[in-house]
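First the structure, in the form of structure tokens, and then the observations on it.
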Amino acid sequence: MEITITLRGTLKKLFGPDKERKVEVPDHCTCDEALRAVGINYKEIPNFGFVAVNGMRVMIDDKLSPGDELKAWSRISGG
Amino acid sequence: MTMLGYQNKVLRIDLTKKGASFEPLRMDFAKKYVGSKGLAIRYMYEELDPGIDPLGPENKLFLTTGPLTGTPVPCSGKLSVAAKSPATGTMNDCSIGGHVGIRLKYAGYDMVIFEGKLSEPGYILIDDGKIRFMDASHLWGLGSHEAESILAKEYGTEYSIMSIGPAGENLCVMSCINSDYYRQAGRGGIGAVMGSKNMKAIVIRGTGGVKVNDIENTTNRIMELLRESVVTEDNQFIYDDGTTAFLEACNDGGILPWKNFSDTTDEKWTEYNGDVLKQHRVGKRGCGSCGLGCGNFLQIGDAICEGPEYESISVAGPNAGVRDPEKIVKFNQVADDMGLDTISAGDTIIWAMEMTEKGIHDFGIKFGEADKMIEYLKLMAKNEGVGKDLALGTKRASEKFGGTEFAMQVKGLEYPQYEPRGSWAMSVSYAVSDRGACHMRSYAPNEEVFAASVPPYTGENKGQLVYNLAEFNAIKFSLCICDFWGTIDYDIMAELLTIVTGETWTAEDMSTIGRRVINIGRAFNQREGFNRSHDTVPKRVVTEALKSGPAKGQVIPPEVFDDMLSQYYQVMGWDENGIMPDDLVASLL
């Protein structure tokens with residue numbers, strides 16, 4: 001299925017000049033699996049923050065649907 | 001015992017007698033509380049008798065630096081501004097950026113204490129060892145920006161200026177203190193303390209320096225830390241976006257409040273987000289010793305301000321039902337000029353919007369009425385018209401008119417812009433904060449929202465989480481390190497203190513002192529009569545489920561809030577009523 005992955009915060013650099021990418025991922029894969037499909041293993045990124053799908057915060061193991069926008073954030077700290 | 005990094009001098013200014021004296025810094029206090037926040041609270045505990053009127057001459061204003069202030073340590077340029085709060089009756093310490101802290105330190109002072117009251121409006125000139133009591137009759141009544149312009153023209157760029165606007169002059173419990181046009185000591189009515197002393201401004205120049213232990217190694221290590229820990233990709237967002245970065249993250253995370261915290265999330269957030277605001281950036285600025293430069297000046301039309309920060313964007317934007325970036329910038333500009341805390345003033349106006357729309361009391365303003373919101377700031381600052389009632393703040397105004405269930409405040413300090421139904425521990429952070437609802441004491445979204453580490457919609461282990469975050473910030477702000485050095489840790493803090501002061505500090509010391517700082521703040525409040533009954537949560541948070549956004553359906557069951565609060569008390573060693581035992585209080589002194 002096709003989804004859009006957007007990286008925010010300091011994760012942006014992982015996509016080079018692209019703000020987002022449309023990618024093909026296995027049907028009903030998880031957010032974790034979708035990120036791995038583009039070479040991002042969140043466990044290996046110390047400042048990996050959270051993920052949101054279609055503007056809603058979800059957990060890393062939640063499943064995706066066709067056409068979803070998956071946004072991955074680095075941690076931002078402060079107040 | 002004198003440690004390096006300190007000036008070992010306190011300037012005490014008697015406003016009533018128009019006199020000034022110098023005394024040694026209480027090094028016994030400094031060893032236990034370090035500086036800035038912790039040191040200020042310890043001095044307040046010592047010098048402010050319980051029960052005094054925060055707007056009376058017995059209240060004192062404490063400006064407190066730390067041992068790192070004025071050194072090249074990155075992000076160390078802030079200043080604690082503290083007093084008993086007119087808004088809450090608790091202790092209040094604010095943190096103001098800019099250059100004023102460094103200039104005070106270079107003038108030779110660890111701390112300046114203002115006592116008593118001027119007989120007529122004046123400003124205080126601190127020029128190294130020269131202290132002058134100046135007439136401010138030509139400044140009284142002016143907005144902060146105009147007053148600072150006049151003083152800046154007279155004194156020049158070597159001087160920093162702290163000022164109040166009409167809000168502080170009129171003793172508004174939501175008034176702030178400005179510095180150098182663009183930074184604020186914002187919360188708890190600290191501006192009214194200055195106003196109650198007839199002080200319009202403080203003008204400061206310092207031409208000295210700060211002695212540190214082993215300057216060569218200090219400088220080398222600081223350069224390493226700048227490269228390794230400060231100016232890094234992890235902190236880059238602060239330079240690039242400032243706190244506007246929080247807008248999108250909070251919206252995605254389900255904690256961006258909408259229309260007086262009646263809901264969360266705005267699908268049209270891109271109309272006023274960081275990308276939009278950045279297009280209107282006309283300048284950048286950093287505080288003294290800063291390595292990050294988060295300050296941004298924006299201009300849209302005739303609206304110009306430094307910021308707006310996330311808090312101001314949220315309260316004047318989605319939380320007011322407004323999506324116009326120009327109006328948001330204008331709101332910020334007018335609040336700063338009037339000398340009003342954007343969070344509290346904004347929250348009070350949006351409460352009034354809901355009151356009007358619900359037909360409980362007609363304050364003449366509804367959600368989305370941005371121009372009126374800006375006009376109401378002026379009325380509140382000047383105590384005119386509807387502003388007289390709104391200047392009371394949400395607690396007192398809701399006690400008078402109703403609508404207490406959606407008066408978003410704790411102890412009389414209004415809620416910052418993080419919805420706790422999307423981050424349950426935050427409800428306790430707000431409840432137990434030493435100065436009323438504050439997000440800077442224990443910033444729960446760091447773990448519950450912006451990281452995947454802690455589930456946000458449960459009360460399990462949240463007492464410990466709130467404590468861990470509170471301890472970290474308590475010691476960080478007692479070192480006077482800026483919040484945005486997000487990658488600092490206890491090892492770095494201890495190392496910096498060691499190389500600057502020449503005394504050995506450990507990471508364990510940082511933890512111990514952080515806990516002690518939390519406790520001394522609680523001890524001050526306890527002595528004023530505060531207990532569990534004051535560590536509250538607005539009724540809305542425990543009765544109304546969110547209708548949309550990532551936290552849709554979430555509401556904090558009251559028994560869960562109570563349990564999280566009890567957990568926190570247990571972690572702190574307080575009893576079920578939130579009271580510290582006598583031996584714990586004694587150990588702090």
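Going through the structure tokens in order, the chains are called A, B, and so on, while each chain numbers its residues from 1 and the ligands are numbered from 1 in the order shown.
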Exercise for the section: Would you kindly return, as a list in words, each protein, DNA or RNA residue with an atom no farther than 6 Å from any atom of stretch 83-90 of chain B, considering only C-alpha atoms and excluding same-chain residues fewer than 4 positions away? Expected result: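 My list of contacting residues is Pro54, Lys60, Leu61, Val173, Gly188, Gly189, Lys411, Gly412, Arg435 and Asn525 of chain B.
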Give me, as a compact mmCIF listing (two decimals) with N, CA and C atoms, in the first residue's frame, the residues of chain A touching chain B, with the criterion being at most 8 Å (counting only C-alpha atoms).
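Output file out_5.txt follows:
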```txt
# COMPACT_ATOMS: atom_id res chain seq x y z
N GLY A 9 11.26 17.66 13.22
CA GLY A 9 12.34 17.87 14.17
C GLY A 9 13.67 17.50 13.54
N THR A 10 14.55 16.95 14.31
CA THR A 10 15.88 16.63 13.80
C THR A 10 15.88 15.37 12.94
N ASN A 47 17.30 10.06 20.02
CA ASN A 47 16.34 11.12 20.30
C ASN A 47 15.04 10.93 19.51
N PHE A 48 14.73 9.67 19.18
CA PHE A 48 13.45 9.42 18.53
C PHE A 48 12.33 9.76 19.50
N GLY A 49 11.31 10.47 18.99
CA GLY A 49 10.26 10.96 19.88
C GLY A 49 8.99 10.13 19.79
N PHE A 50 8.08 10.57 18.93
CA PHE A 50 6.80 9.86 18.84
C PHE A 50 6.32 9.85 17.40
N ALA A 52 2.79 10.01 14.75
CA ALA A 52 1.39 10.41 14.61
C ALA A 52 0.91 9.95 13.24
N GLY A 55 -2.38 13.07 11.80
CA GLY A 55 -2.48 14.11 12.81
C GLY A 55 -2.85 13.63 14.18
N MET A 56 -2.85 12.33 14.41
CA MET A 56 -3.22 11.78 15.70
C MET A 56 -2.05 10.97 16.25
N ARG A 57 -1.66 11.27 17.51
CA ARG A 57 -0.58 10.52 18.13
C ARG A 57 -0.98 9.06 18.28
N VAL A 58 -0.10 8.17 17.89
CA VAL A 58 -0.35 6.74 18.01
C VAL A 58 0.89 6.09 18.59
N MET A 59 0.82 4.80 18.83
CA MET A 59 1.98 4.08 19.33
C MET A 59 2.71 3.47 18.15
N ILE A 60 3.98 3.17 18.37
CA ILE A 60 4.87 2.74 17.29
C ILE A 60 4.40 1.44 16.65
N TRP A 73 8.44 12.11 14.80
CA TRP A 73 9.05 13.27 15.46
C TRP A 73 10.30 12.87 16.22
N SER A 74 11.28 13.77 16.25
CA SER A 74 12.34 13.62 17.22
C SER A 74 11.80 14.16 18.55
N ARG A 75 12.54 13.85 19.62
CA ARG A 75 12.13 14.44 20.90
C ARG A 75 12.39 15.93 20.85
N ILE A 76 11.46 16.71 21.39
CA ILE A 76 11.75 18.12 21.62
C ILE A 76 11.60 18.33 23.12
N SER A 77 12.52 19.06 23.66
CA SER A 77 12.50 19.24 25.10
C SER A 77 12.33 20.69 25.43
N GLY A 78 11.88 20.94 26.60
CA GLY A 78 11.68 22.32 27.00
C GLY A 78 10.31 22.48 27.59
N GLY A 79 9.86 23.69 27.63
CA GLY A 79 8.57 23.94 28.22
C GLY A 79 7.98 25.24 27.76
```
Exercise for the section: Excluding A:Pro26 and any residue of its chain fewer than 6 positions from it, enumerate the residues within 9 Å of it, using only C-alpha atoms, and give them as a PyMOL selection string. Expected result: chain A and resi 1-2+33-34+37
Practice task
Tell me, in Å to one decimal, how far atom CA of B:Ile374 is from atom CA of B:Lys330.
Solution key: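 Value for the atom CA of B:Ile374-atom CA of B:Lys330 distance: 7.3 Å.
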Give me, as a PDB file with all heavy atoms, in the first residue's frame, the residues of stretch 273-488 of chain B that a backbone DSSP run labels strand (DSSP E).
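Output file part-v9.pdb is given in full below:
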```
ATOM      1  N   ARG B 281       9.741  36.838   9.964  1.00  0.00           N
ATOM      2  CA  ARG B 281      10.812  37.077  10.912  1.00  0.00           C
ATOM      3  C   ARG B 281      11.673  38.240  10.448  1.00  0.00           C
ATOM      4  O   ARG B 281      12.097  38.277   9.301  1.00  0.00           O
ATOM      5  CB  ARG B 281      11.654  35.807  11.047  1.00  0.00           C
ATOM      6  CG  ARG B 281      12.714  35.843  12.123  1.00  0.00           C
ATOM      7  CD  ARG B 281      13.472  34.528  12.178  1.00  0.00           C
ATOM      8  NE  ARG B 281      12.662  33.440  12.743  1.00  0.00           N
ATOM      9  CZ  ARG B 281      13.071  32.165  12.777  1.00  0.00           C
ATOM     10  NH1 ARG B 281      14.218  31.816  12.265  1.00  0.00           N
ATOM     11  NH2 ARG B 281      12.304  31.238  13.316  1.00  0.00           N
ATOM     12  N   VAL B 282      11.924  39.187  11.335  1.00  0.00           N
ATOM     13  CA  VAL B 282      12.744  40.348  10.977  1.00  0.00           C
ATOM     14  C   VAL B 282      14.042  40.404  11.767  1.00  0.00           C
ATOM     15  O   VAL B 282      14.895  41.259  11.519  1.00  0.00           O
ATOM     16  CB  VAL B 282      11.973  41.678  11.171  1.00  0.00           C
ATOM     17  CG1 VAL B 282      10.807  41.747  10.191  1.00  0.00           C
ATOM     18  CG2 VAL B 282      11.485  41.848  12.588  1.00  0.00           C
ATOM     19  N   GLY B 283      14.185  39.518  12.726  1.00  0.00           N
ATOM     20  CA  GLY B 283      15.422  39.520  13.493  1.00  0.00           C
ATOM     21  C   GLY B 283      15.480  38.343  14.442  1.00  0.00           C
ATOM     22  O   GLY B 283      14.455  37.733  14.748  1.00  0.00           O
ATOM     23  N   LYS B 284      16.682  38.048  14.893  1.00  0.00           N
ATOM     24  CA  LYS B 284      16.877  36.999  15.896  1.00  0.00           C
ATOM     25  C   LYS B 284      17.710  37.572  17.030  1.00  0.00           C
ATOM     26  O   LYS B 284      18.459  38.531  16.848  1.00  0.00           O
ATOM     27  CB  LYS B 284      17.591  35.790  15.289  1.00  0.00           C
ATOM     28  CG  LYS B 284      16.671  34.849  14.531  1.00  0.00           C
ATOM     29  CD  LYS B 284      17.306  33.487  14.327  1.00  0.00           C
ATOM     30  CE  LYS B 284      17.372  32.637  15.578  1.00  0.00           C
ATOM     31  NZ  LYS B 284      16.068  32.208  16.088  1.00  0.00           N
ATOM     32  N   ARG B 285      17.577  36.963  18.195  1.00  0.00           N
ATOM     33  CA  ARG B 285      18.343  37.439  19.332  1.00  0.00           C
ATOM     34  C   ARG B 285      18.526  36.312  20.331  1.00  0.00           C
ATOM     35  O   ARG B 285      17.653  35.448  20.459  1.00  0.00           O
ATOM     36  CB  ARG B 285      17.607  38.599  20.000  1.00  0.00           C
ATOM     37  CG  ARG B 285      18.470  39.409  20.947  1.00  0.00           C
ATOM     38  CD  ARG B 285      17.788  40.697  21.341  1.00  0.00           C
ATOM     39  NE  ARG B 285      18.587  41.444  22.277  1.00  0.00           N
ATOM     40  CZ  ARG B 285      18.171  42.533  22.910  1.00  0.00           C
ATOM     41  NH1 ARG B 285      16.955  42.991  22.705  1.00  0.00           N
ATOM     42  NH2 ARG B 285      18.959  43.157  23.738  1.00  0.00           N
ATOM     43  N   GLY B 295      15.404  33.544  20.438  1.00  0.00           N
ATOM     44  CA  GLY B 295      14.589  34.744  20.286  1.00  0.00           C
ATOM     45  C   GLY B 295      14.352  35.115  18.838  1.00  0.00           C
ATOM     46  O   GLY B 295      15.283  35.145  18.051  1.00  0.00           O
ATOM     47  N   ASN B 296      13.087  35.364  18.495  1.00  0.00           N
ATOM     48  CA  ASN B 296      12.719  35.758  17.132  1.00  0.00           C
ATOM     49  C   ASN B 296      11.856  37.006  17.185  1.00  0.00           C
ATOM     50  O   ASN B 296      10.904  37.080  17.949  1.00  0.00           O
ATOM     51  CB  ASN B 296      11.913  34.646  16.453  1.00  0.00           C
ATOM     52  CG  ASN B 296      12.714  33.395  16.275  1.00  0.00           C
ATOM     53  OD1 ASN B 296      13.681  33.383  15.536  1.00  0.00           O
ATOM     54  ND2 ASN B 296      12.324  32.340  16.966  1.00  0.00           N
ATOM     55  N   PHE B 297      12.153  37.986  16.347  1.00  0.00           N
ATOM     56  CA  PHE B 297      11.302  39.166  16.207  1.00  0.00           C
ATOM     57  C   PHE B 297      10.496  39.011  14.928  1.00  0.00           C
ATOM     58  O   PHE B 297      11.050  38.705  13.877  1.00  0.00           O
ATOM     59  CB  PHE B 297      12.145  40.434  16.155  1.00  0.00           C
ATOM     60  CG  PHE B 297      12.777  40.775  17.482  1.00  0.00           C
ATOM     61  CD1 PHE B 297      13.993  40.246  17.853  1.00  0.00           C
ATOM     62  CD2 PHE B 297      12.118  41.619  18.379  1.00  0.00           C
ATOM     63  CE1 PHE B 297      14.559  40.551  19.088  1.00  0.00           C
ATOM     64  CE2 PHE B 297      12.679  41.921  19.620  1.00  0.00           C
ATOM     65  CZ  PHE B 297      13.911  41.383  19.966  1.00  0.00           C
ATOM     66  N   LEU B 298       9.193  39.202  15.058  1.00  0.00           N
ATOM     67  CA  LEU B 298       8.303  39.080  13.902  1.00  0.00           C
ATOM     68  C   LEU B 298       7.598  40.403  13.663  1.00  0.00           C
ATOM     69  O   LEU B 298       7.297  41.137  14.610  1.00  0.00           O
ATOM     70  CB  LEU B 298       7.221  38.023  14.151  1.00  0.00           C
ATOM     71  CG  LEU B 298       7.613  36.586  14.449  1.00  0.00           C
ATOM     72  CD1 LEU B 298       6.384  35.708  14.361  1.00  0.00           C
ATOM     73  CD2 LEU B 298       8.645  36.088  13.468  1.00  0.00           C
ATOM     74  N   GLN B 299       7.308  40.680  12.415  1.00  0.00           N
ATOM     75  CA  GLN B 299       6.456  41.817  12.095  1.00  0.00           C
ATOM     76  C   GLN B 299       5.468  41.406  11.026  1.00  0.00           C
ATOM     77  O   GLN B 299       5.854  40.901   9.969  1.00  0.00           O
ATOM     78  CB  GLN B 299       7.278  43.012  11.604  1.00  0.00           C
ATOM     79  CG  GLN B 299       6.404  44.226  11.318  1.00  0.00           C
ATOM     80  CD  GLN B 299       7.182  45.519  11.197  1.00  0.00           C
ATOM     81  OE1 GLN B 299       8.403  45.534  11.126  1.00  0.00           O
ATOM     82  NE2 GLN B 299       6.466  46.627  11.188  1.00  0.00           N
ATOM     83  N   ILE B 300       4.184  41.596  11.310  1.00  0.00           N
ATOM     84  CA  ILE B 300       3.125  41.389  10.326  1.00  0.00           C
ATOM     85  C   ILE B 300       2.274  42.650  10.352  1.00  0.00           C
ATOM     86  O   ILE B 300       1.615  42.948  11.349  1.00  0.00           O
ATOM     87  CB  ILE B 300       2.237  40.167  10.660  1.00  0.00           C
ATOM     88  CG1 ILE B 300       3.066  38.919  10.926  1.00  0.00           C
ATOM     89  CG2 ILE B 300       1.250  39.923   9.523  1.00  0.00           C
ATOM     90  CD1 ILE B 300       2.246  37.689  11.299  1.00  0.00           C
ATOM     91  N   ALA B 303       1.914  44.935  13.505  1.00  0.00           N
ATOM     92  CA  ALA B 303       2.100  44.107  14.698  1.00  0.00           C
ATOM     93  C   ALA B 303       3.542  43.621  14.735  1.00  0.00           C
ATOM     94  O   ALA B 303       4.016  43.005  13.783  1.00  0.00           O
ATOM     95  CB  ALA B 303       1.147  42.915  14.668  1.00  0.00           C
ATOM     96  N   ILE B 304       4.228  43.894  15.822  1.00  0.00           N
ATOM     97  CA  ILE B 304       5.621  43.464  15.952  1.00  0.00           C
ATOM     98  C   ILE B 304       5.856  43.005  17.376  1.00  0.00           C
ATOM     99  O   ILE B 304       5.416  43.638  18.334  1.00  0.00           O
ATOM    100  CB  ILE B 304       6.597  44.600  15.557  1.00  0.00           C
ATOM    101  CG1 ILE B 304       8.053  44.139  15.677  1.00  0.00           C
ATOM    102  CG2 ILE B 304       6.369  45.865  16.381  1.00  0.00           C
ATOM    103  CD1 ILE B 304       9.035  45.084  15.008  1.00  0.00           C
ATOM    104  N   CYS B 305       6.510  41.888  17.501  1.00  0.00           N
ATOM    105  CA  CYS B 305       6.799  41.398  18.849  1.00  0.00           C
ATOM    106  C   CYS B 305       8.003  40.487  18.794  1.00  0.00           C
ATOM    107  O   CYS B 305       8.408  40.022  17.719  1.00  0.00           O
ATOM    108  CB  CYS B 305       5.604  40.639  19.432  1.00  0.00           C
ATOM    109  SG  CYS B 305       5.399  38.949  18.810  1.00  0.00           S
ATOM    110  N   GLU B 306       8.589  40.249  19.948  1.00  0.00           N
ATOM    111  CA  GLU B 306       9.552  39.163  20.069  1.00  0.00           C
ATOM    112  C   GLU B 306       8.738  37.918  20.432  1.00  0.00           C
ATOM    113  O   GLU B 306       8.015  37.909  21.405  1.00  0.00           O
ATOM    114  CB  GLU B 306      10.595  39.447  21.139  1.00  0.00           C
ATOM    115  CG  GLU B 306      11.764  38.457  21.096  1.00  0.00           C
ATOM    116  CD  GLU B 306      11.442  37.086  21.681  1.00  0.00           C
ATOM    117  OE1 GLU B 306      10.702  37.037  22.682  1.00  0.00           O
ATOM    118  OE2 GLU B 306      11.926  36.069  21.144  1.00  0.00           O
ATOM    119  N   GLN B 409      -7.187  27.060  36.373  1.00  0.00           N
ATOM    120  CA  GLN B 409      -6.174  27.613  37.261  1.00  0.00           C
ATOM    121  C   GLN B 409      -5.959  26.684  38.458  1.00  0.00           C
ATOM    122  O   GLN B 409      -6.807  25.844  38.778  1.00  0.00           O
ATOM    123  CB  GLN B 409      -6.602  29.003  37.756  1.00  0.00           C
ATOM    124  CG  GLN B 409      -7.956  29.058  38.462  1.00  0.00           C
ATOM    125  CD  GLN B 409      -7.947  28.672  39.930  1.00  0.00           C
ATOM    126  OE1 GLN B 409      -6.919  28.803  40.614  1.00  0.00           O
ATOM    127  NE2 GLN B 409      -9.061  28.200  40.448  1.00  0.00           N
ATOM    128  N   VAL B 410      -4.802  26.875  39.078  1.00  0.00           N
ATOM    129  CA  VAL B 410      -4.535  26.222  40.356  1.00  0.00           C
ATOM    130  C   VAL B 410      -3.975  27.286  41.303  1.00  0.00           C
ATOM    131  O   VAL B 410      -3.035  27.996  40.940  1.00  0.00           O
ATOM    132  CB  VAL B 410      -3.500  25.071  40.221  1.00  0.00           C
ATOM    133  CG1 VAL B 410      -3.183  24.468  41.591  1.00  0.00           C
ATOM    134  CG2 VAL B 410      -4.005  24.003  39.269  1.00  0.00           C
ATOM    135  N   LEU B 413      -3.172  30.693  39.782  1.00  0.00           N
ATOM    136  CA  LEU B 413      -2.314  30.880  38.608  1.00  0.00           C
ATOM    137  C   LEU B 413      -2.876  30.052  37.461  1.00  0.00           C
ATOM    138  O   LEU B 413      -3.119  28.851  37.602  1.00  0.00           O
ATOM    139  CB  LEU B 413      -0.873  30.454  38.909  1.00  0.00           C
ATOM    140  CG  LEU B 413       0.129  30.831  37.831  1.00  0.00           C
ATOM    141  CD1 LEU B 413       0.299  32.354  37.744  1.00  0.00           C
ATOM    142  CD2 LEU B 413       1.488  30.174  38.070  1.00  0.00           C
ATOM    143  N   GLU B 414      -3.065  30.710  36.333  1.00  0.00           N
ATOM    144  CA  GLU B 414      -3.767  30.096  35.215  1.00  0.00           C
ATOM    145  C   GLU B 414      -2.936  29.022  34.502  1.00  0.00           C
ATOM    146  O   GLU B 414      -1.714  29.057  34.478  1.00  0.00           O
ATOM    147  CB  GLU B 414      -4.177  31.186  34.206  1.00  0.00           C
ATOM    148  CG  GLU B 414      -5.375  32.043  34.641  1.00  0.00           C
ATOM    149  CD  GLU B 414      -5.074  33.034  35.766  1.00  0.00           C
ATOM    150  OE1 GLU B 414      -3.869  33.290  36.037  1.00  0.00           O
ATOM    151  OE2 GLU B 414      -6.021  33.556  36.356  1.00  0.00           O
TER     152      GLU B 414
END
```
Could you pull the residues within 9 Å of B:Met44, counting only C-alpha atoms, minus those fewer than 4 positions along the same chain, as a PDB file with N, CA and C atoms, in the first residue's frame?
```
ATOM      1  N   LEU B  39      18.344  29.368  45.729  1.00  0.00           N
ATOM      2  CA  LEU B  39      18.876  30.363  46.664  1.00  0.00           C
ATOM      3  C   LEU B  39      17.817  31.427  46.968  1.00  0.00           C
ATOM      4  N   ALA B  40      17.080  31.825  45.937  1.00  0.00           N
ATOM      5  CA  ALA B  40      16.041  32.837  46.133  1.00  0.00           C
ATOM      6  C   ALA B  40      14.963  32.344  47.092  1.00  0.00           C
ATOM      7  N   LEU B  48      10.861  36.525  54.596  1.00  0.00           N
ATOM      8  CA  LEU B  48       9.453  36.916  54.453  1.00  0.00           C
ATOM      9  C   LEU B  48       8.619  36.210  55.517  1.00  0.00           C
ATOM     10  N   ASP B  49       8.116  36.964  56.453  1.00  0.00           N
ATOM     11  CA  ASP B  49       7.287  36.375  57.501  1.00  0.00           C
ATOM     12  C   ASP B  49       6.003  35.828  56.893  1.00  0.00           C
ATOM     13  N   LYS B  60       9.314  41.465  49.575  1.00  0.00           N
ATOM     14  CA  LYS B  60      10.591  41.879  49.013  1.00  0.00           C
ATOM     15  C   LYS B  60      10.722  41.288  47.612  1.00  0.00           C
ATOM     16  N   PHE B  62      13.431  39.776  45.044  1.00  0.00           N
ATOM     17  CA  PHE B  62      14.777  39.199  45.040  1.00  0.00           C
ATOM     18  C   PHE B  62      15.215  38.953  43.590  1.00  0.00           C
ATOM     19  N   ALA B  82      12.116  36.914  42.136  1.00  0.00           N
ATOM     20  CA  ALA B  82      11.262  36.195  43.087  1.00  0.00           C
ATOM     21  C   ALA B  82      10.650  37.120  44.122  1.00  0.00           C
ATOM     22  N   ALA B  83       9.493  36.708  44.618  1.00  0.00           N
ATOM     23  CA  ALA B  83       8.766  37.430  45.667  1.00  0.00           C
ATOM     24  C   ALA B  83       7.599  36.550  46.093  1.00  0.00           C
ATOM     25  N   LYS B  84       6.900  36.954  47.120  1.00  0.00           N
ATOM     26  CA  LYS B  84       5.638  36.297  47.435  1.00  0.00           C
ATOM     27  C   LYS B  84       4.628  36.749  46.387  1.00  0.00           C
ATOM     28  N   MET B  91       4.995  31.225  47.309  1.00  0.00           N
ATOM     29  CA  MET B  91       6.250  31.746  46.802  1.00  0.00           C
ATOM     30  C   MET B  91       6.159  31.809  45.285  1.00  0.00           C
ATOM     31  N   PHE B 524       7.775  26.837  52.280  1.00  0.00           N
ATOM     32  CA  PHE B 524       7.301  28.229  52.278  1.00  0.00           C
ATOM     33  C   PHE B 524       5.784  28.243  52.190  1.00  0.00           C
TER      34      PHE B 524
END
```
Practice task
Could you pull out the residues in chain A that DSSP calls alpha helix (DSSP H) from the backbone, as an MDAnalysis selection string?
Solution key: chainID A and resid 31:37
Those same residues, written as a short mmCIF file (atom, residue, chain, number, x, y, z; two decimals), in the first residue's frame with N, CA, C and O atoms?
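What follows is the written file out_21.cif:
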```cif
data_model
loop_
_atom_site.label_atom_id
_atom_site.label_comp_id
_atom_site.auth_asym_id
_atom_site.auth_seq_id
_atom_site.Cartn_x
_atom_site.Cartn_y
_atom_site.Cartn_z
N CYS A 31 3.61 1.14 12.21
CA CYS A 31 4.42 2.35 12.01
C CYS A 31 5.90 1.98 12.04
O CYS A 31 6.70 2.48 11.22
N ASP A 32 6.28 1.12 12.96
CA ASP A 32 7.67 0.68 13.07
C ASP A 32 8.12 0.04 11.77
O ASP A 32 9.18 0.37 11.21
N GLU A 33 7.30 -0.87 11.24
CA GLU A 33 7.67 -1.58 10.00
C GLU A 33 7.75 -0.60 8.82
O GLU A 33 8.63 -0.72 7.96
N ALA A 34 6.85 0.37 8.78
CA ALA A 34 6.88 1.34 7.69
C ALA A 34 8.15 2.18 7.74
O ALA A 34 8.78 2.45 6.70
N LEU A 35 8.57 2.55 8.93
CA LEU A 35 9.79 3.35 9.04
C LEU A 35 11.01 2.52 8.67
O LEU A 35 11.95 2.99 8.01
N ARG A 36 11.00 1.26 9.07
CA ARG A 36 12.13 0.38 8.70
C ARG A 36 12.21 0.22 7.19
O ARG A 36 13.30 0.08 6.63
N ALA A 37 11.05 0.25 6.53
CA ALA A 37 11.04 0.11 5.06
C ALA A 37 11.78 1.25 4.38
O ALA A 37 12.22 1.11 3.23
#
```
Practice task
Can you pull out every residue within 10 Å of stretch 315-318 of chain B, counting only C-alpha atoms, but drop anything in the same chain fewer than 3 positions away, and send it as a ChimeraX atom specification?
Solution key: /B:256-261,264-266,268-269,272,308,310-312,321-325,327-332,342-350,367-368,370,373-374,415-417
Tell me which protein, DNA and RNA residues are within 7 Å of A:Glu69, counting only C-alpha atoms, leaving out same-chain ones fewer than 5 positions away, and put them as a CSV table (one decimal) with N, CA, C and O atoms, in the first residue's frame.
```
chain,number,residue,atom,x,y,z
A,3,ILE,N,1.7,4.9,1.4
A,3,ILE,CA,1.5,5.9,2.5
A,3,ILE,C,2.5,7.0,2.3
A,3,ILE,O,3.4,7.0,1.4
A,4,THR,N,2.3,8.1,3.0
A,4,THR,CA,3.2,9.2,3.1
A,4,THR,C,4.0,9.3,4.4
A,4,THR,O,3.3,9.2,5.4
A,5,ILE,N,5.3,9.4,4.4
A,5,ILE,CA,6.0,9.5,5.6
A,5,ILE,C,6.6,10.9,5.6
A,5,ILE,O,7.3,11.4,4.7
A,53,VAL,N,-0.3,9.5,13.2
A,53,VAL,CA,-0.9,9.1,11.9
A,53,VAL,C,-2.1,10.0,11.6
A,53,VAL,O,-3.0,10.0,12.4
A,54,ASN,N,-2.1,10.6,10.5
A,54,ASN,CA,-3.2,11.6,10.1
A,54,ASN,C,-3.4,12.6,11.2
A,54,ASN,O,-4.6,12.9,11.5
```
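Look at B:Glu405: the protein and nucleic acid residues within 12 Å of it, using only C-alpha atoms and passing over chain neighbours fewer than 6 places away, are Asn260, Phe261, Ser262, Trp351, Glu354, Met355, Thr394, Lys395, Ser398, Glu399, Thr536, Val537, Pro538, Lys539, Arg540, Val541, Val542, Thr543 and Glu544 of chain B.
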Write the selection just made, keeping C-alpha atoms, as a short mmCIF file (atom, residue, chain, number, x, y, z; two decimals), in the first residue's frame?
```cif
data_model
loop_
_atom_site.label_atom_id
_atom_site.label_comp_id
_atom_site.auth_asym_id
_atom_site.auth_seq_id
_atom_site.Cartn_x
_atom_site.Cartn_y
_atom_site.Cartn_z
CA ASN B 260 -10.66 27.39 26.76
CA PHE B 261 -9.54 23.80 27.10
CA SER B 262 -13.00 22.57 26.05
CA TRP B 351 -12.70 32.10 30.22
CA GLU B 354 -16.94 30.97 27.41
CA MET B 355 -18.87 32.75 30.16
CA THR B 394 -9.86 33.50 36.59
CA LYS B 395 -9.92 32.31 40.21
CA SER B 398 -15.05 32.97 38.70
CA GLU B 399 -15.69 33.09 42.44
CA THR B 536 -6.33 20.96 42.74
CA VAL B 537 -7.45 20.18 39.23
CA PRO B 538 -10.13 22.20 37.36
CA LYS B 539 -13.43 20.36 37.29
CA ARG B 540 -13.44 20.32 33.48
CA VAL B 541 -10.39 18.05 33.43
CA VAL B 542 -12.02 15.37 35.58
CA THR B 543 -15.59 15.55 34.25
CA GLU B 544 -15.50 16.38 30.53
#
```
